[in-house]
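File shown: target36.cif. Contents: mmCIF, N, CA and C atoms.
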```cif
data_input
#
loop_
_atom_site.label_atom_id
_atom_site.label_comp_id
_atom_site.auth_asym_id
_atom_site.auth_seq_id
_atom_site.Cartn_x
_atom_site.Cartn_y
_atom_site.Cartn_z
N PRO X 2 151.51 17.87 50.03
CA PRO X 2 151.72 18.85 48.97
C PRO X 2 150.57 19.85 48.84
N CYS X 3 149.46 19.65 49.59
CA CYS X 3 148.31 20.55 49.45
C CYS X 3 148.39 21.78 50.33
N VAL X 4 149.15 21.77 51.40
CA VAL X 4 149.17 22.87 52.35
C VAL X 4 149.57 24.18 51.65
N GLY X 5 148.66 25.17 51.70
CA GLY X 5 148.94 26.48 51.12
C GLY X 5 148.85 26.53 49.60
N THR X 6 148.44 25.44 48.97
CA THR X 6 148.39 25.39 47.50
C THR X 6 147.10 25.98 46.95
N CYS X 7 145.99 25.65 47.57
CA CYS X 7 144.69 26.04 47.04
C CYS X 7 144.12 27.25 47.77
N GLY X 8 143.17 27.90 47.10
CA GLY X 8 142.52 29.09 47.66
C GLY X 8 141.44 28.74 48.65
N LYS X 9 140.83 29.77 49.21
CA LYS X 9 139.79 29.64 50.23
C LYS X 9 138.59 28.87 49.66
N ASN X 10 138.05 27.97 50.45
CA ASN X 10 136.87 27.15 50.12
C ASN X 10 137.10 26.15 49.00
N SER X 11 138.32 26.00 48.50
CA SER X 11 138.58 25.03 47.44
C SER X 11 139.07 23.72 48.06
N THR X 12 139.03 22.69 47.25
CA THR X 12 139.50 21.38 47.71
C THR X 12 140.75 21.00 46.94
N CYS X 13 141.60 20.24 47.61
CA CYS X 13 142.85 19.82 47.00
C CYS X 13 142.86 18.30 46.89
N HIS X 14 143.23 17.84 45.72
CA HIS X 14 143.38 16.40 45.47
C HIS X 14 144.79 16.17 44.96
N VAL X 15 145.39 15.12 45.43
CA VAL X 15 146.76 14.79 44.99
C VAL X 15 146.70 13.53 44.13
N ARG X 16 147.31 13.63 42.97
CA ARG X 16 147.39 12.48 42.08
C ARG X 16 148.80 12.40 41.53
N PHE X 17 149.43 11.29 41.73
CA PHE X 17 150.82 11.09 41.32
C PHE X 17 151.72 12.18 41.88
N HIS X 18 151.49 12.52 43.16
CA HIS X 18 152.30 13.50 43.91
C HIS X 18 152.10 14.94 43.43
N ILE X 19 151.08 15.17 42.59
CA ILE X 19 150.84 16.53 42.08
C ILE X 19 149.50 17.02 42.64
N PRO X 20 149.53 18.19 43.33
CA PRO X 20 148.28 18.72 43.88
C PRO X 20 147.41 19.34 42.78
N SER X 21 146.11 19.20 42.94
CA SER X 21 145.16 19.78 42.00
C SER X 21 144.04 20.43 42.81
N CYS X 22 143.74 21.67 42.51
CA CYS X 22 142.72 22.42 43.24
C CYS X 22 141.43 22.47 42.43
N ALA X 23 140.29 22.43 43.12
CA ALA X 23 138.99 22.52 42.46
C ALA X 23 137.99 23.15 43.41
N CYS X 24 137.02 23.83 42.82
CA CYS X 24 135.91 24.37 43.62
C CYS X 24 134.92 23.23 43.83
N PRO X 25 134.41 23.08 45.05
CA PRO X 25 133.45 22.00 45.31
C PRO X 25 132.12 22.27 44.61
N SER X 26 131.28 21.26 44.55
CA SER X 26 129.97 21.38 43.93
C SER X 26 129.18 22.51 44.60
N GLY X 27 128.54 23.34 43.79
CA GLY X 27 127.78 24.47 44.31
C GLY X 27 128.61 25.72 44.52
N TYR X 28 129.90 25.64 44.19
CA TYR X 28 130.80 26.79 44.32
C TYR X 28 131.40 27.10 42.96
N THR X 29 131.85 28.35 42.81
CA THR X 29 132.49 28.78 41.57
C THR X 29 133.63 29.73 41.91
N GLY X 30 134.50 29.97 40.95
CA GLY X 30 135.61 30.89 41.16
C GLY X 30 136.91 30.29 40.69
N ASP X 31 138.01 30.90 41.08
CA ASP X 31 139.35 30.40 40.76
C ASP X 31 139.82 29.61 41.96
N PRO X 32 139.93 28.28 41.85
CA PRO X 32 140.28 27.46 43.01
C PRO X 32 141.67 27.76 43.58
N LEU X 33 142.51 28.43 42.83
CA LEU X 33 143.83 28.81 43.36
C LEU X 33 143.74 30.05 44.24
N ILE X 34 142.64 30.82 44.08
CA ILE X 34 142.47 32.05 44.86
C ILE X 34 141.34 31.88 45.88
N ALA X 35 140.12 31.64 45.40
CA ALA X 35 138.97 31.45 46.30
C ALA X 35 137.77 30.92 45.52
N CYS X 36 136.95 30.14 46.19
CA CYS X 36 135.70 29.65 45.63
C CYS X 36 134.55 30.27 46.42
N PHE X 37 133.50 30.64 45.71
CA PHE X 37 132.35 31.30 46.32
C PHE X 37 131.09 30.50 46.01
N PRO X 38 130.10 30.55 46.91
CA PRO X 38 128.83 29.85 46.62
C PRO X 38 128.22 30.40 45.33
N GLN X 39 127.76 29.51 44.48
CA GLN X 39 127.12 29.94 43.24
C GLN X 39 125.79 30.61 43.58
N VAL X 40 125.55 31.75 42.97
CA VAL X 40 124.29 32.46 43.16
C VAL X 40 123.37 32.05 42.02
N GLN X 41 122.22 31.54 42.37
CA GLN X 41 121.25 31.14 41.35
C GLN X 41 120.63 32.40 40.75
N PRO X 42 120.58 32.49 39.43
CA PRO X 42 119.96 33.67 38.81
C PRO X 42 118.47 33.70 39.11
N GLU X 43 117.93 34.91 39.22
CA GLU X 43 116.50 35.06 39.46
C GLU X 43 115.70 34.53 38.27
N CYS X 44 116.29 34.70 37.06
CA CYS X 44 115.62 34.23 35.86
C CYS X 44 116.64 34.01 34.75
N THR X 45 116.24 33.19 33.79
CA THR X 45 117.04 33.03 32.57
C THR X 45 116.17 33.24 31.34
N ALA X 46 114.86 33.41 31.57
CA ALA X 46 113.90 33.67 30.49
C ALA X 46 112.73 34.45 31.07
N ASN X 47 112.00 35.15 30.21
CA ASN X 47 110.85 35.93 30.66
C ASN X 47 109.83 35.08 31.41
N ASP X 48 109.70 33.81 31.04
CA ASP X 48 108.72 32.92 31.68
C ASP X 48 108.97 32.76 33.18
N HIS X 49 110.18 33.05 33.64
CA HIS X 49 110.52 32.91 35.05
C HIS X 49 110.10 34.14 35.87
N CYS X 50 109.59 35.17 35.21
CA CYS X 50 109.22 36.43 35.87
C CYS X 50 107.70 36.61 35.86
N PRO X 51 107.18 37.47 36.75
CA PRO X 51 105.76 37.83 36.67
C PRO X 51 105.47 38.46 35.30
N LEU X 52 104.21 38.44 34.89
CA LEU X 52 103.84 38.92 33.56
C LEU X 52 104.16 40.39 33.32
N ASP X 53 104.27 41.19 34.41
CA ASP X 53 104.57 42.61 34.25
C ASP X 53 106.06 42.91 34.38
N ARG X 54 106.89 41.89 34.32
CA ARG X 54 108.35 42.05 34.39
C ARG X 54 108.99 41.26 33.25
N ALA X 55 110.26 41.61 32.94
CA ALA X 55 111.01 40.90 31.91
C ALA X 55 112.35 40.48 32.49
N CYS X 56 112.91 39.40 31.97
CA CYS X 56 114.20 38.91 32.44
C CYS X 56 115.31 39.70 31.75
N VAL X 57 115.99 40.54 32.52
CA VAL X 57 117.06 41.39 32.01
C VAL X 57 118.30 41.12 32.86
N GLY X 58 119.35 40.60 32.25
CA GLY X 58 120.57 40.31 33.00
C GLY X 58 120.33 39.35 34.15
N GLN X 59 119.50 38.34 33.92
CA GLN X 59 119.18 37.30 34.90
C GLN X 59 118.45 37.83 36.13
N SER X 60 117.77 38.97 35.95
CA SER X 60 116.98 39.57 37.03
C SER X 60 115.64 40.02 36.45
N CYS X 61 114.56 39.84 37.20
CA CYS X 61 113.24 40.28 36.75
C CYS X 61 113.14 41.79 36.95
N GLU X 62 113.03 42.52 35.85
CA GLU X 62 113.04 43.98 35.89
C GLU X 62 111.78 44.54 35.22
N ASP X 63 111.50 45.81 35.50
CA ASP X 63 110.42 46.53 34.83
C ASP X 63 110.90 46.86 33.42
N PRO X 64 110.29 46.30 32.37
CA PRO X 64 110.76 46.56 31.01
C PRO X 64 110.43 47.96 30.50
N CYS X 65 109.64 48.72 31.26
CA CYS X 65 109.28 50.07 30.84
C CYS X 65 110.39 51.09 31.08
N VAL X 66 111.29 50.81 32.01
CA VAL X 66 112.32 51.78 32.38
C VAL X 66 113.15 52.15 31.15
N GLY X 67 113.11 53.44 30.79
CA GLY X 67 113.89 53.94 29.66
C GLY X 67 113.37 53.55 28.30
N THR X 68 112.16 53.00 28.22
CA THR X 68 111.64 52.52 26.93
C THR X 68 110.85 53.57 26.18
N CYS X 69 109.98 54.29 26.88
CA CYS X 69 109.05 55.21 26.23
C CYS X 69 109.58 56.65 26.23
N GLY X 70 109.00 57.45 25.33
CA GLY X 70 109.36 58.85 25.22
C GLY X 70 108.68 59.69 26.30
N SER X 71 108.98 60.98 26.30
CA SER X 71 108.42 61.87 27.32
C SER X 71 106.90 62.00 27.15
N ASN X 72 106.23 62.15 28.27
CA ASN X 72 104.78 62.29 28.37
C ASN X 72 104.00 61.05 27.91
N SER X 73 104.68 59.95 27.62
CA SER X 73 103.96 58.74 27.21
C SER X 73 103.74 57.82 28.40
N THR X 74 102.86 56.88 28.22
CA THR X 74 102.53 55.92 29.26
C THR X 74 102.95 54.53 28.80
N CYS X 75 103.52 53.76 29.71
CA CYS X 75 103.98 52.41 29.38
C CYS X 75 103.12 51.38 30.11
N HIS X 76 102.72 50.37 29.37
CA HIS X 76 101.98 49.24 29.93
C HIS X 76 102.74 47.98 29.56
N VAL X 77 102.76 47.01 30.46
CA VAL X 77 103.45 45.74 30.19
C VAL X 77 102.40 44.64 30.10
N ARG X 78 102.49 43.87 29.04
CA ARG X 78 101.59 42.73 28.86
C ARG X 78 102.43 41.55 28.41
N PHE X 79 102.39 40.49 29.17
CA PHE X 79 103.17 39.29 28.88
C PHE X 79 104.64 39.61 28.67
N HIS X 80 105.20 40.41 29.57
CA HIS X 80 106.63 40.76 29.62
C HIS X 80 107.04 41.81 28.57
N ILE X 81 106.14 42.24 27.70
CA ILE X 81 106.47 43.15 26.60
C ILE X 81 105.94 44.55 26.92
N PRO X 82 106.83 45.58 26.88
CA PRO X 82 106.37 46.94 27.13
C PRO X 82 105.66 47.52 25.90
N SER X 83 104.67 48.34 26.15
CA SER X 83 103.94 49.02 25.08
C SER X 83 103.77 50.48 25.48
N CYS X 84 104.18 51.37 24.60
CA CYS X 84 104.11 52.81 24.87
C CYS X 84 102.92 53.42 24.13
N VAL X 85 102.18 54.28 24.81
CA VAL X 85 101.04 54.96 24.20
C VAL X 85 101.01 56.42 24.67
N CYS X 86 100.48 57.27 23.80
CA CYS X 86 100.25 58.66 24.20
C CYS X 86 98.93 58.70 24.97
N PRO X 87 98.90 59.38 26.12
CA PRO X 87 97.64 59.44 26.89
C PRO X 87 96.60 60.29 26.18
N SER X 88 95.37 60.18 26.64
CA SER X 88 94.27 60.95 26.07
C SER X 88 94.61 62.44 26.09
N GLY X 89 94.34 63.11 24.97
CA GLY X 89 94.63 64.53 24.86
C GLY X 89 96.03 64.83 24.35
N TYR X 90 96.81 63.78 24.08
CA TYR X 90 98.17 63.94 23.56
C TYR X 90 98.30 63.20 22.24
N THR X 91 99.27 63.61 21.45
CA THR X 91 99.53 62.98 20.17
C THR X 91 101.04 62.91 19.95
N GLY X 92 101.46 62.12 18.98
CA GLY X 92 102.88 62.00 18.66
C GLY X 92 103.33 60.56 18.64
N ASP X 93 104.64 60.37 18.59
CA ASP X 93 105.24 59.03 18.61
C ASP X 93 105.56 58.71 20.06
N PRO X 94 104.87 57.76 20.69
CA PRO X 94 105.09 57.49 22.11
C PRO X 94 106.49 56.98 22.44
N LEU X 95 107.23 56.53 21.44
CA LEU X 95 108.61 56.10 21.68
C LEU X 95 109.55 57.30 21.77
N ILE X 96 109.10 58.45 21.23
CA ILE X 96 109.94 59.66 21.23
C ILE X 96 109.36 60.70 22.20
N ALA X 97 108.15 61.17 21.91
CA ALA X 97 107.50 62.16 22.78
C ALA X 97 106.03 62.31 22.40
N CYS X 98 105.22 62.58 23.40
CA CYS X 98 103.81 62.89 23.20
C CYS X 98 103.61 64.36 23.54
N ILE X 99 102.90 65.07 22.67
CA ILE X 99 102.67 66.50 22.89
C ILE X 99 101.17 66.74 22.99
N PRO X 100 100.76 67.79 23.73
CA PRO X 100 99.33 68.06 23.86
C PRO X 100 98.69 68.29 22.48
N GLN X 101 97.52 67.69 22.29
CA GLN X 101 96.79 67.88 21.04
C GLN X 101 96.20 69.28 21.03
N VAL X 102 96.32 69.95 19.91
CA VAL X 102 95.74 71.28 19.76
C VAL X 102 94.37 71.09 19.12
N GLN X 103 93.33 71.57 19.81
CA GLN X 103 91.98 71.45 19.28
C GLN X 103 91.75 72.57 18.27
N PRO X 104 91.27 72.24 17.08
CA PRO X 104 91.02 73.29 16.09
C PRO X 104 89.86 74.19 16.54
N GLN X 105 89.96 75.46 16.16
CA GLN X 105 88.90 76.41 16.49
C GLN X 105 87.63 76.06 15.72
N CYS X 106 87.82 75.55 14.50
CA CYS X 106 86.68 75.17 13.68
C CYS X 106 87.09 74.14 12.65
N THR X 107 86.09 73.41 12.15
CA THR X 107 86.33 72.49 11.03
C THR X 107 85.32 72.76 9.91
N ALA X 108 84.37 73.64 10.17
CA ALA X 108 83.37 74.04 9.17
C ALA X 108 82.93 75.47 9.46
N ASN X 109 82.41 76.16 8.43
CA ASN X 109 81.99 77.55 8.58
C ASN X 109 80.94 77.74 9.67
N ASP X 110 80.04 76.76 9.85
CA ASP X 110 78.98 76.94 10.84
C ASP X 110 79.49 76.84 12.28
N HIS X 111 80.79 76.59 12.47
CA HIS X 111 81.40 76.63 13.80
C HIS X 111 81.85 78.05 14.16
N CYS X 112 81.77 78.96 13.20
CA CYS X 112 82.25 80.33 13.39
C CYS X 112 81.07 81.31 13.46
N PRO X 113 81.32 82.52 14.03
CA PRO X 113 80.28 83.56 13.98
C PRO X 113 79.92 83.86 12.52
N LEU X 114 78.75 84.48 12.31
CA LEU X 114 78.25 84.71 10.95
C LEU X 114 79.15 85.61 10.11
N ASP X 115 79.96 86.47 10.74
CA ASP X 115 80.84 87.37 9.98
C ASP X 115 82.23 86.77 9.76
N ARG X 116 82.41 85.48 10.08
CA ARG X 116 83.71 84.80 9.94
C ARG X 116 83.55 83.52 9.13
N ALA X 117 84.68 83.05 8.59
CA ALA X 117 84.70 81.78 7.85
C ALA X 117 85.80 80.90 8.43
N CYS X 118 85.62 79.59 8.31
CA CYS X 118 86.62 78.65 8.82
C CYS X 118 87.73 78.50 7.78
N VAL X 119 88.89 79.05 8.10
CA VAL X 119 90.05 79.00 7.20
C VAL X 119 91.21 78.37 7.97
N GLY X 120 91.66 77.23 7.50
CA GLY X 120 92.78 76.55 8.17
C GLY X 120 92.48 76.23 9.62
N GLN X 121 91.25 75.81 9.90
CA GLN X 121 90.76 75.44 11.23
C GLN X 121 90.75 76.61 12.21
N SER X 122 90.67 77.83 11.66
CA SER X 122 90.59 79.03 12.48
C SER X 122 89.52 79.94 11.89
N CYS X 123 88.72 80.58 12.76
CA CYS X 123 87.68 81.50 12.29
C CYS X 123 88.34 82.83 11.89
N GLU X 124 88.26 83.14 10.61
CA GLU X 124 88.93 84.33 10.06
C GLU X 124 87.92 85.21 9.33
N ASP X 125 88.30 86.48 9.17
CA ASP X 125 87.51 87.41 8.35
C ASP X 125 87.74 87.00 6.90
N PRO X 126 86.71 86.62 6.17
CA PRO X 126 86.90 86.15 4.79
C PRO X 126 87.26 87.27 3.82
N CYS X 127 87.15 88.51 4.25
CA CYS X 127 87.47 89.63 3.37
C CYS X 127 88.94 89.90 3.48
#
```
Whole structure given in structure tokens:
Amino acid sequence: PCVGTCGKNSTCHVRFHIPSCACPSGYTGDPLIACFPQVQPECTANDHCPLDRACVGQSCEDPCVGTCGSNSTCHVRFHIPSCVCPSGYTGDPLIACIPQVQPQCTANDHCPLDRACVGQSCEDPC
């Protein structure tokens, strides 16, 4: 009763004249269609990956991909991504980092004698 009953790589057992199909140990799938060797996942938790990778969909991946905003830098420590704005930039590193604008002045003595520091810019006080 097993001939042609089960799928590829499956096994057939007959009990009380009734065929039963099953995938053998180490295989998975629909035993009526086909059984395939089980693929062991690369990881099931972050601990299974190097410290600069994270377990995403049972695969060790770079957790920085798509995490940080534009012009920001991503560092991974113990599987966790961290976004920072590089030196000379400011902003929210998860959204975007923009170049820092250096003020022309922060006090009157930063300006020529005929100018005053107004709103971080040397202006004619008259």
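Between atom CA of X:Cys56 and atom CA of X:Thr74 lies a distance of 20.9 Å.
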| Quick one: residues within 10 Å of X:Leu95, only C-alpha atoms counted, chain neighbours fewer than 2 positions away excluded, as a PyMOL selection string? | chain X and resi 67-75+83-86+92-93+97-98
| task | Could you jot down the atom CA of X:Gln103 to atom C of X:Ala117 separation for me, Å, one decimal place? | result | 15.7 Å
| message | For a test of reading the model, state the distance in Å between atom C of X:Gly30 and atom CA of X:Ser60, rounded to one decimal. | response | 22.3 Å
If the PyMOL selection byres ((chain X and resi 104) around 8) were run on this exact file, what residues would it hold? Put them as a compact mmCIF listing (two decimals) with N, CA and C atoms, in the coordinates of the input.
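Listed below is the output, selection.txt:
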```txt
# COMPACT_ATOMS: atom_id res chain seq x y z
N GLN X 101 97.52 67.69 22.29
CA GLN X 101 96.79 67.88 21.04
C GLN X 101 96.20 69.28 21.03
N VAL X 102 96.32 69.95 19.91
CA VAL X 102 95.74 71.28 19.76
C VAL X 102 94.37 71.09 19.12
N GLN X 103 93.33 71.57 19.81
CA GLN X 103 91.98 71.45 19.28
C GLN X 103 91.75 72.57 18.27
N GLN X 105 89.96 75.46 16.16
CA GLN X 105 88.90 76.41 16.49
C GLN X 105 87.63 76.06 15.72
N CYS X 106 87.82 75.55 14.50
CA CYS X 106 86.68 75.17 13.68
C CYS X 106 87.09 74.14 12.65
N THR X 107 86.09 73.41 12.15
CA THR X 107 86.33 72.49 11.03
C THR X 107 85.32 72.76 9.91
N GLY X 120 91.66 77.23 7.50
CA GLY X 120 92.78 76.55 8.17
C GLY X 120 92.48 76.23 9.62
N GLN X 121 91.25 75.81 9.90
CA GLN X 121 90.76 75.44 11.23
C GLN X 121 90.75 76.61 12.21
N SER X 122 90.67 77.83 11.66
CA SER X 122 90.59 79.03 12.48
C SER X 122 89.52 79.94 11.89
N CYS X 123 88.72 80.58 12.76
CA CYS X 123 87.68 81.50 12.29
C CYS X 123 88.34 82.83 11.89
```
| message | Quick one: residues within 6 Å of X:Cys22, only C-alpha atoms, excluding same-chain residues fewer than 6 positions away - as a list in words? | response | Cys7, Thr12, Cys13 and Pro32 of chain X
| request: Rank nothing, just name the residue among X:Pro82, X:Val66, X:Gln41, X:Ser26 nearest to X:Asp53, using only C-alpha atoms. | output: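 Comparing X:Pro82, X:Val66, X:Gln41, X:Ser26 against X:Asp53, the winner is X:Pro82.
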| message | From a backbone DSSP assignment, name each residue in chain X labelled strand (DSSP E or B), as a VMD selection string. | response | chain X and resid 9 12 to 16 19 to 23 28 to 31 35 to 38 55 to 57 60 to 62 71 74 to 78 81 to 85 90 to 93 97 to 100 117 to 119 122 to 124
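Among the candidates X:Ser88, X:Asn10, X:Thr45, X:Gln39, the one nearest to X:Cys24 when counting all atoms listed in the file is X:Asn10.
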| message | Expand the PyMOL selection byres (((chain X and resi 6 and name CA) around 9) and name CA) into the explicit residue set it covers here, and present it as an MDAnalysis selection string. | response | chainID X and resid 2:5 7:8 13 20:22 33
| field | Residue list as JSON, numbers by chain for point (124.8, 31.3, 46.7), cut-off 12 Å, only C-alpha atoms | value | {"X": [26, 27, 28, 29, 36, 37, 38, 39, 40, 41, 42, 43]}
